[in-house]
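final34.tsv (TSV, C-alpha atoms and all ligand atoms) appears below.
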```
chain	number	residue	atom	x	y	z
K	13	MET	CA	-8.28	25.24	-2.59
K	14	LEU	CA	-8.57	25.34	-6.35
K	15	THR	CA	-10.99	22.92	-7.92
K	16	PHE	CA	-11.69	22.35	-11.57
K	17	THR	CA	-15.03	22.30	-13.33
K	18	PRO	CA	-15.19	18.97	-15.10
K	19	THR	CA	-17.29	20.00	-18.11
K	20	THR	CA	-15.04	18.41	-20.73
K	21	ILE	CA	-14.62	15.06	-18.99
K	22	LYS	CA	-16.03	11.95	-20.64
K	23	THR	CA	-13.95	9.16	-19.10
K	24	ILE	CA	-13.53	8.68	-15.37
K	25	ALA	CA	-10.80	6.26	-14.34
K	26	PHE	CA	-10.45	4.79	-10.87
K	27	ASP	CA	-7.55	3.24	-9.04
K	28	ALA	CA	-8.64	0.05	-7.24
K	29	ASP	CA	-6.64	-0.71	-4.06
K	30	ASP	CA	-7.51	1.71	-1.24
K	31	THR	CA	-9.67	3.74	-3.62
K	32	LEU	CA	-12.52	1.28	-4.26
K	33	TRP	CA	-11.66	-1.31	-1.63
K	34	VAL	CA	-9.48	-1.87	1.45
K	35	ASN	CA	-5.95	-3.08	0.73
K	36	GLU	CA	-3.11	-1.44	2.66
K	37	THR	CA	-4.76	-2.29	5.97
K	38	TYR	CA	-4.22	-6.00	5.26
K	39	PHE	CA	-0.56	-5.45	4.44
K	40	GLN	CA	-0.11	-3.58	7.72
K	41	ASP	CA	-1.93	-6.30	9.67
K	42	VAL	CA	0.30	-8.98	8.14
K	43	GLU	CA	3.38	-6.90	8.85
K	44	LYS	CA	2.40	-6.91	12.52
K	45	GLU	CA	2.18	-10.71	12.51
K	46	PHE	CA	5.49	-10.88	10.65
K	47	ASN	CA	6.98	-8.67	13.32
K	48	ALA	CA	5.61	-10.92	16.08
K	49	LEU	CA	7.40	-13.91	14.51
K	50	LEU	CA	10.74	-12.11	14.57
K	51	THR	CA	10.46	-10.12	17.75
K	52	LYS	CA	13.32	-11.94	19.48
K	53	TYR	CA	15.72	-11.01	16.66
K	54	VAL	CA	14.88	-7.43	15.76
K	55	SER	CA	12.88	-4.37	16.84
K	56	ALA	CA	9.66	-3.52	15.02
K	57	GLU	CA	11.17	-0.33	13.67
K	58	GLU	CA	14.31	-1.96	12.34
K	59	LEU	CA	12.30	-4.78	10.81
K	60	ALA	CA	10.02	-2.31	9.01
K	61	ASP	CA	13.05	-0.49	7.58
K	62	LYS	CA	14.73	-3.73	6.50
K	63	LEU	CA	11.55	-5.09	4.91
K	64	TYR	CA	10.96	-1.90	2.96
K	65	ALA	CA	14.58	-1.89	1.74
K	66	VAL	CA	14.19	-5.48	0.50
K	67	GLU	CA	10.80	-4.74	-1.09
K	68	ARG	CA	12.15	-1.70	-2.88
K	69	THR	CA	15.08	-3.65	-4.27
K	70	ASN	CA	12.78	-6.45	-5.39
K	71	LEU	CA	10.14	-4.25	-7.07
K	72	ALA	CA	11.99	-4.33	-10.38
K	73	LEU	CA	12.03	-8.14	-10.26
K	74	TYR	CA	8.65	-8.98	-8.72
K	75	GLY	CA	6.52	-5.91	-9.42
K	76	TYR	CA	3.78	-4.86	-7.00
K	77	GLY	CA	1.63	-7.41	-5.24
K	78	ILE	CA	1.19	-9.98	-2.53
K	79	LYS	CA	3.43	-12.71	-3.95
K	80	GLY	CA	6.36	-10.30	-4.16
K	81	PHE	CA	5.57	-9.18	-0.62
K	82	MET	CA	5.69	-12.81	0.60
K	83	LEU	CA	9.08	-13.39	-1.00
K	84	SER	CA	10.41	-10.12	0.42
K	85	MET	CA	9.22	-11.08	3.91
K	86	ILE	CA	11.03	-14.42	3.67
K	87	GLU	CA	14.20	-12.76	2.39
K	88	THR	CA	14.06	-10.18	5.18
K	89	ALA	CA	13.48	-12.90	7.78
K	90	LEU	CA	16.55	-14.79	6.53
K	91	GLN	CA	18.61	-11.60	6.78
K	92	VAL	CA	17.57	-10.48	10.24
K	93	THR	CA	17.85	-13.99	11.74
K	94	GLN	CA	21.10	-14.64	9.86
K	95	GLY	CA	19.52	-17.76	8.46
K	96	LEU	CA	18.27	-19.03	11.81
K	97	ILE	CA	14.55	-18.67	11.13
K	98	SER	CA	12.82	-22.02	11.51
K	99	THR	CA	11.12	-23.76	8.60
K	100	LYS	CA	7.92	-23.60	10.63
K	101	ASP	CA	8.15	-19.81	10.70
K	102	VAL	CA	8.89	-19.66	6.97
K	103	GLN	CA	5.75	-21.72	6.44
K	104	GLN	CA	3.88	-19.26	8.66
K	105	ILE	CA	4.99	-16.34	6.45
K	106	ILE	CA	3.77	-18.21	3.37
K	107	ASN	CA	0.46	-18.86	5.11
K	108	LEU	CA	0.06	-15.16	5.94
K	109	GLY	CA	0.43	-14.37	2.24
K	110	LYS	CA	-2.04	-17.05	1.23
K	111	VAL	CA	-4.63	-15.60	3.59
K	112	MET	CA	-4.10	-12.20	1.95
K	113	LEU	CA	-4.56	-13.69	-1.51
K	114	ARG	CA	-7.95	-15.11	-0.50
K	115	GLN	CA	-9.11	-12.10	1.52
K	116	PRO	CA	-12.73	-11.11	0.80
K	117	ILE	CA	-13.02	-7.74	-0.91
K	118	GLU	CA	-14.32	-5.02	1.37
K	119	LEU	CA	-15.65	-2.15	-0.74
K	120	LEU	CA	-15.18	1.31	0.74
K	121	PRO	CA	-18.37	3.24	1.66
K	122	ASP	CA	-20.55	4.49	-1.23
K	123	VAL	CA	-18.37	2.93	-3.94
K	124	ARG	CA	-21.16	0.93	-5.55
K	125	HIS	CA	-23.55	3.88	-5.50
K	126	VAL	CA	-20.97	6.25	-6.99
K	127	LEU	CA	-20.06	3.86	-9.80
K	128	ASP	CA	-23.71	3.14	-10.50
K	129	SER	CA	-24.52	6.87	-10.72
K	130	LEU	CA	-21.54	7.85	-12.88
K	131	ASP	CA	-21.98	4.87	-15.17
K	132	GLU	CA	-25.05	6.51	-16.76
K	133	ASP	CA	-23.17	9.50	-18.10
K	134	TYR	CA	-19.51	8.62	-18.26
K	135	THR	CA	-17.25	5.89	-19.55
K	136	LEU	CA	-15.73	4.27	-16.47
K	137	MET	CA	-12.27	2.74	-16.46
K	138	LEU	CA	-10.29	0.85	-13.83
K	139	ILE	CA	-6.52	1.31	-13.80
K	140	THR	CA	-4.62	-0.69	-11.22
K	141	LYS	CA	-1.03	-1.80	-10.88
K	142	GLY	CA	0.10	-5.11	-9.55
K	143	ASP	CA	0.07	-8.81	-10.12
K	144	LEU	CA	-2.23	-9.73	-13.01
K	145	LEU	CA	-3.86	-12.83	-11.48
K	146	ASP	CA	-4.27	-11.23	-8.06
K	147	GLN	CA	-5.84	-8.05	-9.49
K	148	GLU	CA	-8.10	-10.01	-11.85
K	149	THR	CA	-9.50	-12.16	-9.05
K	150	LYS	CA	-9.94	-9.12	-6.81
K	151	ILE	CA	-11.94	-7.34	-9.49
K	152	ALA	CA	-14.07	-10.46	-9.96
K	153	ARG	CA	-14.62	-10.82	-6.19
K	154	SER	CA	-15.41	-7.11	-5.77
K	155	GLY	CA	-18.75	-7.40	-7.57
K	156	VAL	CA	-18.25	-3.99	-9.23
K	157	GLY	CA	-16.19	-5.12	-12.22
K	158	ASP	CA	-19.13	-4.79	-14.62
K	159	PHE	CA	-19.29	-1.02	-14.16
K	160	PHE	CA	-15.99	-0.63	-15.98
K	161	LYS	CA	-15.92	-0.50	-19.75
K	162	HIS	CA	-12.14	-0.85	-19.70
K	163	VAL	CA	-9.89	-2.53	-17.11
K	164	GLU	CA	-6.16	-1.88	-17.30
K	165	ILE	CA	-3.78	-3.85	-15.06
K	166	ILE	CA	-0.37	-2.28	-15.49
K	167	SER	CA	3.05	-2.90	-13.94
K	168	GLU	CA	3.87	0.72	-13.22
K	169	LYS	CA	1.97	3.97	-13.03
K	170	LYS	CA	4.44	6.34	-14.61
K	171	PRO	CA	3.39	9.11	-17.06
K	172	ARG	CA	4.27	6.95	-20.07
K	173	ASP	CA	2.12	4.07	-18.77
K	174	TYR	CA	-0.91	6.35	-18.54
K	175	GLN	CA	-0.12	7.93	-21.91
K	176	GLN	CA	-0.18	4.47	-23.46
K	177	VAL	CA	-3.64	3.84	-21.99
K	178	LEU	CA	-4.97	7.15	-23.35
K	179	ASP	CA	-3.45	6.45	-26.76
K	180	ARG	CA	-4.91	2.94	-26.83
K	181	TYR	CA	-8.45	4.29	-26.47
K	182	GLY	CA	-7.91	7.56	-28.36
K	183	ILE	CA	-8.72	9.69	-25.31
K	184	HIS	CA	-7.77	13.39	-25.21
K	185	PRO	CA	-6.31	14.54	-21.85
K	186	ASP	CA	-9.09	17.18	-21.52
K	187	GLU	CA	-11.66	14.37	-21.48
K	188	PHE	CA	-10.02	12.25	-18.78
K	189	VAL	CA	-9.86	12.26	-15.00
K	190	MET	CA	-8.11	9.74	-12.75
K	191	ILE	CA	-9.30	9.19	-9.18
K	192	GLY	CA	-7.10	7.47	-6.63
K	193	ASN	CA	-5.62	7.35	-3.15
K	194	SER	CA	-1.97	7.81	-4.12
K	195	MET	CA	-0.53	11.20	-5.10
K	196	ARG	CA	2.52	9.43	-6.45
K	197	SER	CA	0.71	6.85	-8.58
K	198	ASP	CA	-2.76	8.24	-9.30
K	199	VAL	CA	-2.28	12.01	-9.45
K	200	LEU	CA	1.19	13.38	-10.27
K	201	PRO	CA	1.85	11.26	-13.40
K	202	LEU	CA	-1.55	12.26	-14.79
K	203	LEU	CA	-1.01	15.97	-14.26
K	204	GLU	CA	2.28	15.54	-16.07
K	205	ILE	CA	0.52	14.25	-19.19
K	206	GLY	CA	-2.18	16.92	-18.99
K	207	THR	CA	-5.29	15.11	-17.71
K	208	TYR	CA	-7.31	15.88	-14.60
K	209	ALA	CA	-6.77	14.04	-11.31
K	210	ILE	CA	-8.58	13.69	-8.00
K	211	HIS	CA	-6.87	12.56	-4.81
K	212	ILE	CA	-8.96	10.77	-2.19
K	213	PRO	CA	-6.59	9.75	0.62
K	214	PHE	CA	-7.02	6.43	2.41
K	215	LYS	CA	-6.29	6.18	6.12
K	216	HIS	CA	-3.11	4.15	5.53
K	217	THR	CA	-0.47	4.79	2.87
K	218	TRP	CA	2.41	2.47	2.07
K	219	VAL	CA	5.69	4.32	2.66
K	220	HIS	CA	6.58	3.76	-1.02
K	221	GLU	CA	3.54	5.79	-2.10
K	222	GLN	CA	3.95	8.63	0.38
K	223	VAL	CA	4.39	12.10	-1.05
K	224	GLN	CA	4.22	15.34	0.90
K	225	ASP	CA	1.12	16.97	-0.58
K	226	ASP	CA	-0.03	19.51	1.99
K	227	GLY	CA	-1.26	22.57	0.19
K	228	PHE	CA	-0.61	21.10	-3.25
K	229	THR	CA	-2.54	22.98	-5.93
K	230	HIS	CA	-2.86	22.60	-9.67
K	231	PRO	CA	-5.60	23.81	-12.03
K	232	ARG	CA	-6.45	20.23	-12.96
K	233	PHE	CA	-6.27	18.76	-9.46
K	234	MET	CA	-8.63	18.46	-6.54
K	235	LYS	CA	-8.54	16.61	-3.26
K	236	LEU	CA	-11.69	15.09	-1.78
K	237	GLN	CA	-12.22	13.32	1.51
K	238	ARG	CA	-14.72	10.69	0.40
K	239	ILE	CA	-15.61	9.06	-2.89
K	240	ALA	CA	-19.26	10.17	-2.53
K	241	GLN	CA	-18.09	13.77	-3.02
K	242	VAL	CA	-17.19	12.88	-6.61
K	243	LEU	CA	-20.90	12.92	-7.41
K	244	GLU	CA	-21.27	16.52	-6.19
K	245	ARG	CA	-18.48	17.57	-8.54
K	246	PHE	CA	-19.86	15.79	-11.57
K	247	GLU	CA	-23.46	16.97	-11.45
K	248	THR	CA	-23.55	18.54	-14.93
K	249	PRO	CA	-22.08	15.81	-17.08
K	250	ILE	CA	-21.70	15.72	-20.82
K	251	ARG	CA	-23.95	12.93	-22.03
K	252	LYS	CA	-22.37	10.08	-23.90
K	253	SER	CA	-23.50	10.79	-27.46
G	1	MG	MG	-4.37	2.60	-4.56
```

Kindly return the structure encoded in the file as structure tokens.
Ligand SMILES: [Mg+2]
Amino acid sequence: MLTFTPTTIKTIAFDADDTLWVNETYFQDVEKEFNALLTKYVSAEELADKLYAVERTNLALYGYGIKGFMLSMIETALQVTQGLISTKDVQQIINLGKVMLRQPIELLPDVRHVLDSLDEDYTLMLITKGDLLDQETKIARSGVGDFFKHVEIISEKKPRDYQQVLDRYGIHPDEFVMIGNSMRSDVLPLLEIGTYAIHIPFKHTWVHEQVQDDGFTHPRFMKLQRIAQVLERFETPIRKS
């Protein structure tokens, strides 16, 4: 597989959810509980399809995040039960979401060490999409927020959204790498605007973020298995002047 030599890179940007800490696992756990509530009305498979269809339709209205997910679960429950879901079960769905919003942050292995090591030689940035309040409190609870010189919470991760971030800080694409778990959100848009990108898959991927990437190559792309491997790739850094 092709890998790039990151000699020109000065800024390393990280995605947050499922790159620095566990996220999708909680969504999947809650979806199982949601399924258990509705098991007498609908099969697990059909419910998953219906929920994703509702979520996708609502993304433009709610954006990414837990609160939008809660509303989409309620809407889906109303649909599949034809309005027969009990108020007690609606309350249960709200409670599931509230638990998610308060979930302790579980950093992935080696994250703190990697950030601490890279922080000496590179400008670190966090770029995450989702609900502003939810992402802000997650960063605060993570205990690693101070490593990042810049934190960008954006609604979408399209090429133009990243271009705006680079423009805001006057960063040249040759000097920038994005690291994240999603090919769709953290890799492909970056390659389109000419920066470097590193994909580190997480064990679970939301269907919305899934992209067939087997054998994908690009001169500015590499795929790693663990975040600790980033350090091996960045052993000859350019010092911050
Ligand atoms: Mg992510």

Taking only C-alpha atoms and all ligand atoms into account, which residues are within 9 Å of ligand MG 1 (chain G), as a ChimeraX atom specification?
/K:27-33,35-36,140-141,192-194,197-198,214,217,221

Interatomic distance, atom CA of K:Tyr134 to atom CA of K:Tyr76 (Å, one decimal):
29.2 Å

Find the residues around stretch 180-190 of chain K up to 7 Å (all atoms listed in the file counted), leave out those fewer than 5 positions away in its own chain, and share them as a VMD selection string.
chain K and resid 20 to 26 198 206 to 210

Sorted per-residue table, stretch 156-236 of chain K near stretch 47-67 of chain K, closest atoms and distance, 10 Å, all atoms listed in the file, as JSON lines:
```
{"residue": "K:Trp218", "atom": "CA", "partner": "K:Tyr64", "partner_atom": "CA", "distance": 9.6}
{"residue": "K:Val219", "atom": "CA", "partner": "K:Tyr64", "partner_atom": "CA", "distance": 8.2}
{"residue": "K:His220", "atom": "CA", "partner": "K:Tyr64", "partner_atom": "CA", "distance": 8.2}
```

Output file for the residues above (C-alpha atoms, as a tab-separated table (two decimals), keeping the file's coordinate frame):
```
chain	number	residue	atom	x	y	z
K	218	TRP	CA	2.41	2.47	2.07
K	219	VAL	CA	5.69	4.32	2.66
K	220	HIS	CA	6.58	3.76	-1.02
```

Just give me the gap between atom CA of K:Tyr174 and atom CA of K:Leu200 in Å, one decimal is fine.
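Answer for the atom CA of K:Tyr174 to atom CA of K:Leu200 separation: 11.1 Å.
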
Under the rule that only C-alpha atoms are counted, which of K:Leu202, K:Leu130, K:Val111, K:Val123 is the nearest residue to K:Arg245?
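Once distances to K:Arg245 are computed over only C-alpha atoms, the minimum belongs to K:Leu130.
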
Atomic separation - atom CA of K:Pro171 relative to atom CA of K:Glu132, Å
28.6 Å

Box for stretch 223-229 of chain K: with edges along x, y and z, all listed atoms inside and 5 Å added on each side, what are the centre and edge lengths in Å to one decimal, as lines of an AutoDock Vina configuration file?
```
center_x = 0.9
center_y = 17.5
center_z = -2.0
size_x = 16.9
size_y = 20.9
size_z = 17.9
```

Have a look at K:Gln237, K:Ile165, K:Phe246, K:Arg196 and name the one nearest to K:Gln222; count only C-alpha atoms.
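Closest candidate: K:Arg196.
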
Select, counting only C-alpha atoms, all protein, DNA and RNA residues no farther than 10 Å from (9.9, -12.3, -0.1) in file coordinates, and express the selection as a PyMOL selection string.
chain K and resi 63+66-67+70+74+78-90+105-106+109
